[in-house]
Every structure is written in C-alpha cells, then in structure tokens.
Amino acid sequence: MSSAQQNFNTGQVQAKTEANFQAAKDSASAAADRAQAAYNTTGEAREENKEEATGLLQQTGEQVKNMAQGAMDTVKHTLGMEKN
C-alpha cells in the first residue's frame, strides 16, 4: 500500500470516527434534554419519565460503545490489523 493510499485511508477513518463521535454526542445531548424534561415534570408522570430517560441514557451508552467499537474495527481493518 502506498503512502498516499495509507494517508487517504487514514483520512477516511478519521472522518468516519469524527462522524460517529458527533452522532454519539448528538444522541447523548438528546438524551440529556429528555432527562431534563423528565426532571421538570411532577408526580407520577415524573417517575415514568425518569424511568424512560434512564432507559434512553442506557441506550445512548450502548450506541456510543457500539460506534466506538465500529470506529476501532474500521481503523484496524484499514491498517490491516483485524483478526481473521
């Protein structure tokens, strides 16, 4: 693989990684907004929203983890380090 090709691949990996992290940040921000909205409600609805927000935060955490794993796998693949 030429140096130019490696640089191109590295650039692609960086772009994908940045896109994944931005998507994760957006998801986390949306979950935080929902959690704040849940906090601002009262009574029984508050407890229901709290549980929903907790579930959303857990989902977001899983999404972030999966995106980071995908980015890492992409880097390994690009660099020829994946396990066969």
# chains A, B, ... in the order shown; residues from 1 in each chain; ligands from 1

$ residues_around --residues "region 16-21 of chain A" --least-positions-apart "4" --cutoff "9 Å" --atoms "only C-alpha atoms" --output "PyMOL selection string"
chain A and resi 11-12+25-26+64+67-68+70-72+74-75

$ residues_around --residues "Asn9 (chain A)" --least-positions-apart "6" --cutoff "12 Å" --atoms "only C-alpha atoms" --output "JSON, numbers by chain"
{"A": [1, 2, 3, 15, 16, 74, 75, 76, 77, 78, 79, 80]}

$ atom_distance --atom1 "CA of Asn49 (chain A)" --atom2 "CA of Ala23 (chain A)"
23.4 Å

$ residues_around --residues "Ala32 (chain A)" --least-positions-apart "4" --cutoff "12 Å" --atoms "only C-alpha atoms" --output "PyMOL selection string"
chain A and resi 25-28+36-39+50+52-58+60-61

$ atom_distance --atom1 "CA of Asp33 (chain A)" --atom2 "CA of Gln69 (chain A)"
25.3 Å

$ atom_distance --atom1 "CA of Asn66 (chain A)" --atom2 "CA of Glu47 (chain A)"
28.7 Å
